[in-house]
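target.pdb (PDB, C-alpha atoms, pLDDT in the B column)
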ATOM      1  CA  GLY A   1      -4.182  -1.745  19.635  1.00 31.00           C
ATOM      2  CA  GLU A   2      -2.885   1.513  18.232  1.00 36.00           C
ATOM      3  CA  SER A   3      -0.185   3.367  20.039  1.00 43.00           C
ATOM      4  CA  VAL A   4      -1.534   6.840  19.484  1.00 57.00           C
ATOM      5  CA  GLY A   5      -5.132   7.970  19.771  1.00 55.00           C
ATOM      6  CA  LEU A   6      -7.336  11.038  19.906  1.00 47.00           C
ATOM      7  CA  HIS A   7     -10.056  11.682  22.436  1.00 51.00           C
ATOM      8  CA  LEU A   8     -12.707  13.151  20.109  1.00 62.00           C
ATOM      9  CA  PRO A   9     -13.529  12.306  16.482  1.00 88.00           C
ATOM     10  CA  THR A  10     -15.184  15.692  15.878  1.00 92.00           C
ATOM     11  CA  LEU A  11     -14.684  19.102  17.469  1.00 94.00           C
ATOM     12  CA  SER A  12     -16.934  22.042  16.629  1.00 96.00           C
ATOM     13  CA  VAL A  13     -15.828  25.574  17.563  1.00 96.00           C
ATOM     14  CA  GLN A  14     -16.973  29.098  16.864  1.00 97.00           C
ATOM     15  CA  GLU A  15     -14.888  31.192  14.514  1.00 97.00           C
ATOM     16  CA  GLY A  16     -12.540  33.327  16.567  1.00 97.00           C
ATOM     17  CA  ASP A  17     -12.497  30.991  19.556  1.00 97.00           C
ATOM     18  CA  ASN A  18      -9.495  28.920  20.576  1.00 97.00           C
ATOM     19  CA  SER A  19      -9.442  25.227  19.694  1.00 96.00           C
ATOM     20  CA  ILE A  20      -7.827  22.472  21.716  1.00 96.00           C
ATOM     21  CA  ILE A  21      -7.291  19.067  20.156  1.00 95.00           C
ATOM     22  CA  ASN A  22      -6.055  16.255  22.344  1.00 94.00           C
ATOM     23  CA  CYS A  23      -4.029  13.138  21.757  1.00 93.00           C
ATOM     24  CA  ALA A  24      -3.029  10.264  24.035  1.00 92.00           C
ATOM     25  CA  TYR A  25      -0.065   8.023  23.390  1.00 88.00           C
ATOM     26  CA  SER A  26       0.958   4.792  25.038  1.00 80.00           C
ATOM     27  CA  ASN A  27       4.670   4.430  24.265  1.00 87.00           C
ATOM     28  CA  SER A  28       6.487   6.258  27.045  1.00 89.00           C
ATOM     29  CA  ALA A  29       9.733   5.856  25.098  1.00 88.00           C
ATOM     30  CA  SER A  30       8.484   7.980  22.174  1.00 90.00           C
ATOM     31  CA  ASP A  31      10.783  10.958  21.827  1.00 89.00           C
ATOM     32  CA  TYR A  32       9.316  12.957  18.971  1.00 91.00           C
ATOM     33  CA  PHE A  33       5.769  14.048  18.238  1.00 94.00           C
ATOM     34  CA  ILE A  34       4.161  15.779  15.281  1.00 94.00           C
ATOM     35  CA  TRP A  35       0.801  17.343  14.570  1.00 96.00           C
ATOM     36  CA  TYR A  36      -0.539  17.123  11.026  1.00 96.00           C
ATOM     37  CA  LYS A  37      -3.409  18.931   9.327  1.00 97.00           C
ATOM     38  CA  GLN A  38      -5.271  17.257   6.494  1.00 95.00           C
ATOM     39  CA  GLU A  39      -7.739  19.286   4.484  1.00 94.00           C
ATOM     40  CA  SER A  40     -10.339  17.642   2.320  1.00 91.00           C
ATOM     41  CA  GLY A  41      -8.797  16.231  -0.855  1.00 88.00           C
ATOM     42  CA  LYS A  42      -5.247  16.874   0.275  1.00 91.00           C
ATOM     43  CA  GLY A  43      -2.445  14.995   1.914  1.00 93.00           C
ATOM     44  CA  PRO A  44      -1.359  15.587   5.525  1.00 95.00           C
ATOM     45  CA  GLN A  45       0.556  18.774   6.129  1.00 94.00           C
ATOM     46  CA  PHE A  46       3.081  19.250   8.940  1.00 94.00           C
ATOM     47  CA  ILE A  47       1.969  21.846  11.485  1.00 95.00           C
ATOM     48  CA  ILE A  48       4.301  21.660  14.444  1.00 96.00           C
ATOM     49  CA  ASP A  49       6.519  19.172  16.234  1.00 95.00           C
ATOM     50  CA  ILE A  50       7.929  18.740  19.717  1.00 95.00           C
ATOM     51  CA  ARG A  51      10.659  16.605  21.206  1.00 94.00           C
ATOM     52  CA  SER A  52      10.283  14.746  24.463  1.00 94.00           C
ATOM     53  CA  ASN A  53      12.761  17.025  26.250  1.00 94.00           C
ATOM     54  CA  MET A  54      10.296  19.919  25.867  1.00 96.00           C
ATOM     55  CA  ASP A  55       6.903  20.628  27.460  1.00 97.00           C
ATOM     56  CA  LYS A  56       5.702  23.344  25.141  1.00 98.00           C
ATOM     57  CA  ARG A  57       6.417  24.695  21.703  1.00 97.00           C
ATOM     58  CA  GLN A  58       4.794  27.614  19.966  1.00 97.00           C
ATOM     59  CA  GLY A  59       4.322  28.391  16.329  1.00 95.00           C
ATOM     60  CA  GLN A  60       2.229  30.878  14.464  1.00 93.00           C
ATOM     61  CA  ARG A  61      -1.213  30.681  16.157  1.00 96.00           C
ATOM     62  CA  VAL A  62      -0.501  27.117  17.252  1.00 98.00           C
ATOM     63  CA  THR A  63       0.929  25.712  20.456  1.00 98.00           C
ATOM     64  CA  VAL A  64       1.742  22.110  21.242  1.00 98.00           C
ATOM     65  CA  LEU A  65       1.844  20.915  24.834  1.00 98.00           C
ATOM     66  CA  LEU A  66       3.421  17.660  25.924  1.00 97.00           C
ATOM     67  CA  ASN A  67       2.663  16.065  29.271  1.00 96.00           C
ATOM     68  CA  LYS A  68       4.908  13.045  29.592  1.00 94.00           C
ATOM     69  CA  THR A  69       3.566  12.148  33.024  1.00 94.00           C
ATOM     70  CA  VAL A  70       0.163  11.231  31.623  1.00 94.00           C
ATOM     71  CA  LYS A  71       1.365  10.662  28.050  1.00 94.00           C
ATOM     72  CA  HIS A  72      -0.797  13.399  26.630  1.00 95.00           C
ATOM     73  CA  LEU A  73      -0.281  15.738  23.700  1.00 96.00           C
ATOM     74  CA  SER A  74      -2.441  18.689  22.754  1.00 97.00           C
ATOM     75  CA  LEU A  75      -2.653  21.156  19.918  1.00 97.00           C
ATOM     76  CA  GLN A  76      -4.007  24.613  20.642  1.00 98.00           C
ATOM     77  CA  ILE A  77      -5.101  26.830  17.774  1.00 98.00           C
ATOM     78  CA  ALA A  78      -5.664  30.467  18.665  1.00 97.00           C
ATOM     79  CA  ALA A  79      -8.432  32.545  17.084  1.00 97.00           C
ATOM     80  CA  THR A  80      -9.718  29.726  14.907  1.00 97.00           C
ATOM     81  CA  GLN A  81     -10.406  30.676  11.297  1.00 96.00           C
ATOM     82  CA  PRO A  82     -12.478  29.001   8.567  1.00 96.00           C
ATOM     83  CA  GLY A  83      -9.256  27.851   6.927  1.00 96.00           C
ATOM     84  CA  ASP A  84      -8.471  25.796  10.014  1.00 97.00           C
ATOM     85  CA  SER A  85     -11.276  23.396   9.170  1.00 97.00           C
ATOM     86  CA  ALA A  86      -9.597  20.031   8.603  1.00 97.00           C
ATOM     87  CA  VAL A  87      -8.747  16.722  10.200  1.00 95.00           C
ATOM     88  CA  TYR A  88      -5.919  16.974  12.697  1.00 96.00           C
ATOM     89  CA  PHE A  89      -3.912  14.001  13.840  1.00 91.00           C
ATOM     90  CA  CYS A  90      -0.884  13.428  15.925  1.00 94.00           C
ATOM     91  CA  ALA A  91       1.988  11.086  15.279  1.00 93.00           C
ATOM     92  CA  GLU A  92       4.746   9.764  17.472  1.00 91.00           C
ATOM     93  CA  ASN A  93       8.178   8.448  16.750  1.00 87.00           C
ATOM     94  CA  TYR A  94      10.525   6.382  18.821  1.00 80.00           C
ATOM     95  CA  SER A  95      14.034   6.821  17.507  1.00 74.00           C
ATOM     96  CA  GLY A  96      15.045   3.462  18.946  1.00 67.00           C
ATOM     97  CA  GLY A  97      12.116   1.683  17.348  1.00 59.00           C
ATOM     98  CA  GLY A  98      13.855   0.479  14.230  1.00 57.00           C
ATOM     99  CA  ALA A  99      12.333   1.054  10.827  1.00 54.00           C
ATOM    100  CA  ASP A 100       8.709   1.327  11.913  1.00 59.00           C
ATOM    101  CA  GLY A 101       8.642   5.064  11.460  1.00 71.00           C
ATOM    102  CA  LEU A 102       5.793   7.206  12.671  1.00 82.00           C
ATOM    103  CA  THR A 103       2.734   5.868  14.477  1.00 87.00           C
ATOM    104  CA  PHE A 104      -0.345   7.906  13.678  1.00 90.00           C
ATOM    105  CA  GLY A 105      -3.556   8.605  15.533  1.00 89.00           C
ATOM    106  CA  LYS A 106      -6.978   8.433  13.916  1.00 85.00           C
ATOM    107  CA  GLY A 107      -7.668  12.142  13.712  1.00 90.00           C
ATOM    108  CA  THR A 108     -10.078  14.777  14.959  1.00 93.00           C
ATOM    109  CA  HIS A 109     -12.264  16.631  12.487  1.00 94.00           C
ATOM    110  CA  LEU A 110     -12.273  20.307  13.425  1.00 96.00           C
ATOM    111  CA  ILE A 111     -15.430  22.093  12.281  1.00 96.00           C
ATOM    112  CA  ILE A 112     -15.588  25.887  12.345  1.00 96.00           C
ATOM    113  CA  GLN A 113     -18.957  27.468  12.929  1.00 94.00           C
ATOM    114  CA  PRO A 114     -19.476  31.026  11.645  1.00 89.00           C
TER     115      PRO A 114
ATOM    116  CA  GLU B   1       5.795  21.868 -10.402  1.00 52.00           C
ATOM    117  CA  THR B   2       6.889  21.603  -6.779  1.00 68.00           C
ATOM    118  CA  GLY B   3       6.369  19.231  -3.877  1.00 94.00           C
ATOM    119  CA  VAL B   4       4.972  15.733  -4.173  1.00 97.00           C
ATOM    120  CA  THR B   5       2.501  14.880  -6.924  1.00 97.00           C
ATOM    121  CA  GLN B   6       0.400  11.777  -7.388  1.00 98.00           C
ATOM    122  CA  THR B   7      -1.550  10.413 -10.339  1.00 98.00           C
ATOM    123  CA  PRO B   8      -4.265   9.516 -10.833  1.00 98.00           C
ATOM    124  CA  ARG B   9      -6.161  11.384  -8.139  1.00 96.00           C
ATOM    125  CA  HIS B  10      -9.082   8.973  -8.365  1.00 97.00           C
ATOM    126  CA  LEU B  11      -9.156   5.366  -9.551  1.00 97.00           C
ATOM    127  CA  VAL B  12     -11.938   2.819  -9.761  1.00 96.00           C
ATOM    128  CA  MET B  13     -10.903  -0.722 -10.592  1.00 95.00           C
ATOM    129  CA  GLY B  14     -12.359  -4.188 -10.600  1.00 92.00           C
ATOM    130  CA  MET B  15     -10.857  -7.007  -8.599  1.00 91.00           C
ATOM    131  CA  THR B  16      -9.324  -8.577 -11.701  1.00 90.00           C
ATOM    132  CA  ASN B  17      -7.754  -5.397 -13.048  1.00 90.00           C
ATOM    133  CA  LYS B  18      -4.134  -4.343 -12.974  1.00 95.00           C
ATOM    134  CA  LYS B  19      -3.370  -0.692 -12.390  1.00 96.00           C
ATOM    135  CA  SER B  20      -0.502   1.455 -11.164  1.00 98.00           C
ATOM    136  CA  LEU B  21      -0.280   4.515  -8.947  1.00 98.00           C
ATOM    137  CA  LYS B  22       2.441   7.042  -9.652  1.00 98.00           C
ATOM    138  CA  CYS B  23       4.219   9.411  -7.314  1.00 98.00           C
ATOM    139  CA  GLU B  24       6.808  12.033  -8.181  1.00 98.00           C
ATOM    140  CA  GLN B  25       8.724  14.275  -5.824  1.00 97.00           C
ATOM    141  CA  HIS B  26      10.441  17.487  -6.904  1.00 95.00           C
ATOM    142  CA  LEU B  27      12.229  18.120  -3.612  1.00 96.00           C
ATOM    143  CA  GLY B  28      15.509  16.328  -4.198  1.00 96.00           C
ATOM    144  CA  HIS B  29      14.766  13.879  -1.400  1.00 96.00           C
ATOM    145  CA  ASN B  30      16.363  10.473  -0.960  1.00 95.00           C
ATOM    146  CA  ALA B  31      13.495   8.629   0.730  1.00 94.00           C
ATOM    147  CA  MET B  32       9.965   7.912  -0.464  1.00 95.00           C
ATOM    148  CA  TYR B  33       7.019   6.210   1.205  1.00 94.00           C
ATOM    149  CA  TRP B  34       3.652   4.649   0.467  1.00 96.00           C
ATOM    150  CA  TYR B  35       0.913   4.957   3.086  1.00 95.00           C
ATOM    151  CA  LYS B  36      -2.640   3.645   3.191  1.00 95.00           C
ATOM    152  CA  GLN B  37      -5.355   5.769   4.771  1.00 94.00           C
ATOM    153  CA  SER B  38      -8.634   3.961   5.352  1.00 92.00           C
ATOM    154  CA  ALA B  39     -11.765   5.575   6.680  1.00 85.00           C
ATOM    155  CA  LYS B  40     -11.726   5.958  10.456  1.00 75.00           C
ATOM    156  CA  LYS B  41      -8.323   4.274  10.747  1.00 86.00           C
ATOM    157  CA  PRO B  42      -4.872   5.736  11.324  1.00 89.00           C
ATOM    158  CA  LEU B  43      -2.393   6.154   8.527  1.00 92.00           C
ATOM    159  CA  GLU B  44      -0.589   2.876   7.849  1.00 91.00           C
ATOM    160  CA  LEU B  45       2.955   2.758   6.509  1.00 91.00           C
ATOM    161  CA  MET B  46       3.243   0.288   3.626  1.00 93.00           C
ATOM    162  CA  PHE B  47       6.680   0.689   2.062  1.00 93.00           C
ATOM    163  CA  VAL B  48       9.801   2.787   2.465  1.00 92.00           C
ATOM    164  CA  TYR B  49      12.449   3.342  -0.178  1.00 94.00           C
ATOM    165  CA  SER B  50      15.780   4.955   0.561  1.00 91.00           C
ATOM    166  CA  LEU B  51      18.109   5.748  -2.330  1.00 88.00           C
ATOM    167  CA  GLU B  52      15.934   3.542  -4.559  1.00 86.00           C
ATOM    168  CA  GLU B  53      16.319   0.523  -2.278  1.00 87.00           C
ATOM    169  CA  ARG B  54      13.326  -0.890  -0.430  1.00 87.00           C
ATOM    170  CA  VAL B  55      14.130  -0.675   3.262  1.00 83.00           C
ATOM    171  CA  GLU B  56      10.758  -1.430   4.775  1.00 77.00           C
ATOM    172  CA  ASN B  57       7.842  -3.645   3.791  1.00 77.00           C
ATOM    173  CA  ASN B  58       5.298  -3.382   6.541  1.00 76.00           C
ATOM    174  CA  SER B  59       3.639  -6.798   6.082  1.00 85.00           C
ATOM    175  CA  VAL B  60       1.839  -5.665   2.953  1.00 93.00           C
ATOM    176  CA  PRO B  61       0.077  -8.318   0.812  1.00 94.00           C
ATOM    177  CA  SER B  62       1.833  -9.252  -2.416  1.00 94.00           C
ATOM    178  CA  ARG B  63      -1.045  -7.860  -4.492  1.00 96.00           C
ATOM    179  CA  PHE B  64       0.643  -4.492  -3.809  1.00 97.00           C
ATOM    180  CA  SER B  65       3.987  -4.248  -5.599  1.00 96.00           C
ATOM    181  CA  PRO B  66       6.108  -1.107  -5.271  1.00 96.00           C
ATOM    182  CA  GLU B  67       8.716   0.081  -7.719  1.00 96.00           C
ATOM    183  CA  CYS B  68      11.258   2.869  -7.356  1.00 96.00           C
ATOM    184  CA  PRO B  69      13.134   3.393 -10.649  1.00 95.00           C
ATOM    185  CA  ASN B  70      14.927   6.513  -9.359  1.00 94.00           C
ATOM    186  CA  SER B  71      14.900   8.752  -6.322  1.00 92.00           C
ATOM    187  CA  SER B  72      12.223  11.023  -7.783  1.00 96.00           C
ATOM    188  CA  HIS B  73       9.648   8.435  -8.816  1.00 97.00           C
ATOM    189  CA  LEU B  74       7.712   5.797  -6.927  1.00 97.00           C
ATOM    190  CA  PHE B  75       5.059   3.451  -8.267  1.00 98.00           C
ATOM    191  CA  LEU B  76       2.566   1.141  -6.608  1.00 98.00           C
ATOM    192  CA  HIS B  77       1.438  -1.655  -8.901  1.00 98.00           C
ATOM    193  CA  LEU B  78      -1.929  -3.135  -8.054  1.00 97.00           C
ATOM    194  CA  HIS B  79      -3.380  -6.490  -9.114  1.00 95.00           C
ATOM    195  CA  THR B  80      -6.269  -8.684  -7.966  1.00 94.00           C
ATOM    196  CA  LEU B  81      -7.233  -6.275  -5.212  1.00 95.00           C
ATOM    197  CA  GLN B  82     -10.058  -6.786  -2.754  1.00 95.00           C
ATOM    198  CA  PRO B  83     -12.867  -4.347  -1.869  1.00 94.00           C
ATOM    199  CA  GLU B  84     -11.256  -3.798   1.548  1.00 94.00           C
ATOM    200  CA  ASP B  85      -8.256  -2.331  -0.279  1.00 96.00           C
ATOM    201  CA  SER B  86     -10.370   0.706  -1.137  1.00 96.00           C
ATOM    202  CA  ALA B  87      -8.678   3.651   0.562  1.00 96.00           C
ATOM    203  CA  LEU B  88      -6.670   6.815   0.032  1.00 96.00           C
ATOM    204  CA  TYR B  89      -3.098   5.921  -0.924  1.00 98.00           C
ATOM    205  CA  LEU B  90      -0.619   8.580   0.053  1.00 97.00           C
ATOM    206  CA  CYS B  91       2.911   9.023  -1.132  1.00 97.00           C
ATOM    207  CA  ALA B  92       5.455  10.970   0.891  1.00 96.00           C
ATOM    208  CA  SER B  93       9.117  11.865   0.670  1.00 96.00           C
ATOM    209  CA  SER B  94      11.783  13.011   3.088  1.00 94.00           C
ATOM    210  CA  GLN B  95      15.362  14.153   2.863  1.00 94.00           C
ATOM    211  CA  ASP B  96      16.608  10.849   4.197  1.00 90.00           C
ATOM    212  CA  TRP B  97      15.518   7.761   6.144  1.00 86.00           C
ATOM    213  CA  ILE B  98      17.735   6.797   9.033  1.00 80.00           C
ATOM    214  CA  PRO B  99      15.861   4.698  11.625  1.00 74.00           C
ATOM    215  CA  GLY B 100      17.200   5.124  15.099  1.00 70.00           C
ATOM    216  CA  ASP B 101      18.759   8.445  14.209  1.00 71.00           C
ATOM    217  CA  LYS B 102      17.429  11.849  13.224  1.00 74.00           C
ATOM    218  CA  PHE B 103      13.834  12.035  12.087  1.00 78.00           C
ATOM    219  CA  TYR B 104      13.368  13.736   8.739  1.00 86.00           C
ATOM    220  CA  GLU B 105      10.121  15.573   8.055  1.00 88.00           C
ATOM    221  CA  GLN B 106       7.895  13.817   5.560  1.00 92.00           C
ATOM    222  CA  TYR B 107       6.123  15.733   2.821  1.00 94.00           C
ATOM    223  CA  PHE B 108       2.916  14.188   1.559  1.00 95.00           C
ATOM    224  CA  GLY B 109       1.270  14.172  -1.829  1.00 96.00           C
ATOM    225  CA  PRO B 110      -2.496  14.694  -2.260  1.00 96.00           C
ATOM    226  CA  GLY B 111      -3.171  10.965  -2.517  1.00 97.00           C
ATOM    227  CA  THR B 112      -4.988   8.648  -4.910  1.00 97.00           C
ATOM    228  CA  ARG B 113      -8.535   7.742  -3.909  1.00 96.00           C
ATOM    229  CA  LEU B 114      -8.854   4.066  -4.860  1.00 97.00           C
ATOM    230  CA  THR B 115     -12.157   2.246  -5.074  1.00 96.00           C
ATOM    231  CA  VAL B 116     -12.154  -1.499  -5.725  1.00 96.00           C
ATOM    232  CA  THR B 117     -15.438  -2.847  -7.037  1.00 94.00           C
TER     233      THR B 117
END

Serialized structure, structure tokens:
Amino acid sequence: GESVGLHLPTLSVQEGDNSIINCAYSNSASDYFIWYKQESGKGPQFIIDIRSNMDKRQGQRVTVLLNKTVKHLSLQIAATQPGDSAVYFCAENYSGGGADGLTFGKGTHLIIQP
Amino acid sequence: ETGVTQTPRHLVMGMTNKKSLKCEQHLGHNAMYWYKQSAKKPLELMFVYSLEERVENNSVPSRFSPECPNSSHLFLHLHTLQPEDSALYLCASSQDWIPGDKFYEQYFGPGTRLTVT
């Protein structure tokens, strides 16, 4: 089975509300995590990353939380805007895992309701 | 033109055709990647090139043949594909590729939507 997964395939939120997208991973040795945003017709775009020695990292309107105890990663988007509509997926990397690179989750489609 | 570009953006081919996907990066990076993105499945790494040398072939069937003539260009040659090969093929690049060491951010192109009939 896949190493990284998301809890919900689709998330619908009202414009202006906060969005929380969740991700579960199974490799406790993973030491680096990334959230990507993929808009329709485009390739994935890096949003924010976090290393395993951190619990929280903030960017512009986005926050990533890492809970290593339960192997859970979340992406919080504040004051969701129409431009946030996209598929979001997480990826993990284990630096000792050889040349396998990133392991990606399936993605959550974030839908913004006006 | 900046970033990572891919051509064509859309491709429809029969199972007996031969076609090629092209990727070009304008970022001065040393590593380039091919990924496959199928509907409702996670992104799958296919190939990795570092300094024009193939460093990773992730158990990809031989009907997919990559080529990296220089550090800025990457091709994926396709022949005798199957309908299940229909997917979005994404190219990416990063500054370097050093497994087991520092992770370098990957920059993705817009992808080629491939349909095999």

I'd like the neighbourhood of B:Lys36 as an mmCIF file with C-alpha atoms, in the coordinates of the input, where a residue qualifies if any of its atoms comes within 6 Å (using all atoms listed in the file), though same-chain residues fewer than 2 positions away should be ignored.
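Now in around20.cif:
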data_model
loop_
_atom_site.group_PDB
_atom_site.id
_atom_site.type_symbol
_atom_site.label_atom_id
_atom_site.label_comp_id
_atom_site.auth_asym_id
_atom_site.auth_seq_id
_atom_site.Cartn_x
_atom_site.Cartn_y
_atom_site.Cartn_z
ATOM 1 C CA LEU B 43 -2.393 6.154 8.527
ATOM 2 C CA GLU B 44 -0.589 2.876 7.849
ATOM 3 C CA TYR B 89 -3.098 5.921 -0.924
#

Within 10 Å of B:Gln37 using all atoms listed in the file, minus same-chain residues under 6 positions, as a ChimeraX atom specification:
/A:106 /B:43-45,85-90,111,113

Show me, as JSON, numbers by chain, the residues of chain B whose atoms get within 12 Å of chain A, using all atoms listed in the file for the distance check.
{"B": [3, 4, 5, 6, 9, 10, 33, 35, 36, 37, 38, 39, 40, 41, 42, 43, 44, 45, 46, 47, 48, 49, 50, 54, 55, 56, 57, 58, 59, 88, 89, 90, 91, 92, 94, 97, 98, 99, 100, 101, 102, 103, 104, 105, 106, 107, 108, 109, 110, 111, 112, 113]}

Apply the PyMOL selection byres ((chain B and resi 52) around 8) to the file shown and report the selected residues as JSON, numbers by chain.
{"B": [30, 31, 49, 50, 51, 53, 54, 68, 69, 70, 71]}

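For the pair atom CA of A:Ile111 and atom CA of B:Thr7, the separation is 29.0 Å.
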
Convert the output of the PyMOL selection byres ((chain B and resi 28) around 8) on the shown file into explicit residues, formatted as a VMD selection string.
chain B and resid 25 to 27 29 to 30 71 to 72 95

Distance atom CA of B:Trp34-atom CA of B:Met15, one decimal place?
20.7 Å

Skipping near chain neighbours, those fewer than 5 positions away, what residues fall within 8 Å of B:Leu81 using all atoms listed in the file, listed as a VMD selection string?
chain B and resid 14 to 17 63 116

Using the chain letters and numbering of this document, enumerate as a VMD selection string the residues selected by the PyMOL selection byres ((chain A and resi 13-16) around 9).
chain A and resid 11 to 12 17 to 19 78 to 82 110 to 114

Could you tell me how far atom CA of A:Gln60 lies from atom CA of A:Tyr36, in Å and to one decimal?
14.4 Å

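Among B:Glu84, B:Met32, B:Ser20, B:Asp96, the residue with the shortest atom-to-atom distance to B:Pro8, counting only C-alpha atoms, is B:Ser20.
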
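The residue that comes closest to B:Ser93, out of B:Cys23, B:Thr117, B:Pro66, B:His77 and on the basis of only C-alpha atoms, is B:Cys23.
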
Serialized stretch 33-92 of chain B w/ C-alpha atoms as a compact mmCIF listing (two decimals), in the first residue's frame:
# COMPACT_ATOMS: atom_id res chain seq x y z
CA TYR B 33 12.50 13.85 -13.43
CA TRP B 34 9.59 12.16 -15.16
CA TYR B 35 6.46 11.44 -13.12
CA LYS B 36 3.20 9.74 -14.03
CA GLN B 37 -0.04 11.03 -12.53
CA SER B 38 -3.03 8.77 -13.05
CA ALA B 39 -6.55 9.59 -12.00
CA LYS B 40 -7.17 8.95 -8.31
CA LYS B 41 -3.62 7.66 -7.79
CA PRO B 42 -0.59 9.30 -6.22
CA LEU B 43 2.20 10.74 -8.30
CA GLU B 44 4.59 8.00 -9.39
CA LEU B 45 8.28 8.65 -10.01
CA MET B 46 9.41 7.10 -13.29
CA PHE B 47 12.94 8.30 -14.02
CA VAL B 48 15.57 10.56 -12.52
CA TYR B 49 18.48 12.11 -14.39
CA SER B 50 21.34 13.84 -12.65
CA LEU B 51 23.94 15.65 -14.76
CA GLU B 52 22.52 13.88 -17.83
CA GLU B 53 23.03 10.43 -16.32
CA ARG B 54 20.06 8.23 -15.49
CA VAL B 55 20.23 7.54 -11.77
CA GLU B 56 16.83 6.02 -11.17
CA ASN B 57 14.50 3.83 -13.20
CA ASN B 58 11.55 3.05 -11.01
CA SER B 59 10.56 -0.29 -12.60
CA VAL B 60 9.11 1.42 -15.65
CA PRO B 61 8.16 -0.75 -18.67
CA SER B 62 10.53 -0.57 -21.62
CA ARG B 63 7.82 0.98 -23.82
CA PHE B 64 8.81 4.22 -22.02
CA SER B 65 12.31 5.32 -23.02
CA PRO B 66 13.82 8.48 -21.54
CA GLU B 67 16.55 10.58 -23.07
CA CYS B 68 18.51 13.44 -21.56
CA PRO B 69 20.77 15.04 -24.20
CA ASN B 70 21.81 17.89 -21.87
CA SER B 71 20.95 19.22 -18.44
CA SER B 72 18.20 21.47 -19.80
CA HIS B 73 16.27 18.97 -21.90
CA LEU B 74 14.52 15.72 -21.12
CA PHE B 75 12.52 13.52 -23.48
CA LEU B 76 10.21 10.58 -22.94
CA HIS B 77 9.92 8.39 -26.02
CA LEU B 78 6.75 6.35 -26.23
CA HIS B 79 6.05 3.26 -28.33
CA THR B 80 3.41 0.51 -28.33
CA LEU B 81 1.65 1.97 -25.31
CA GLN B 82 -1.40 0.49 -23.64
CA PRO B 83 -4.67 2.26 -22.75
CA GLU B 84 -3.73 2.06 -19.06
CA ASP B 85 -0.76 4.30 -19.86
CA SER B 86 -3.18 7.19 -20.35
CA ALA B 87 -2.27 9.75 -17.69
CA LEU B 88 -0.75 13.15 -17.04
CA TYR B 89 3.03 12.97 -17.47
CA LEU B 90 4.86 15.54 -15.42
CA CYS B 91 8.41 16.69 -15.76
CA ALA B 92 10.26 18.30 -12.87
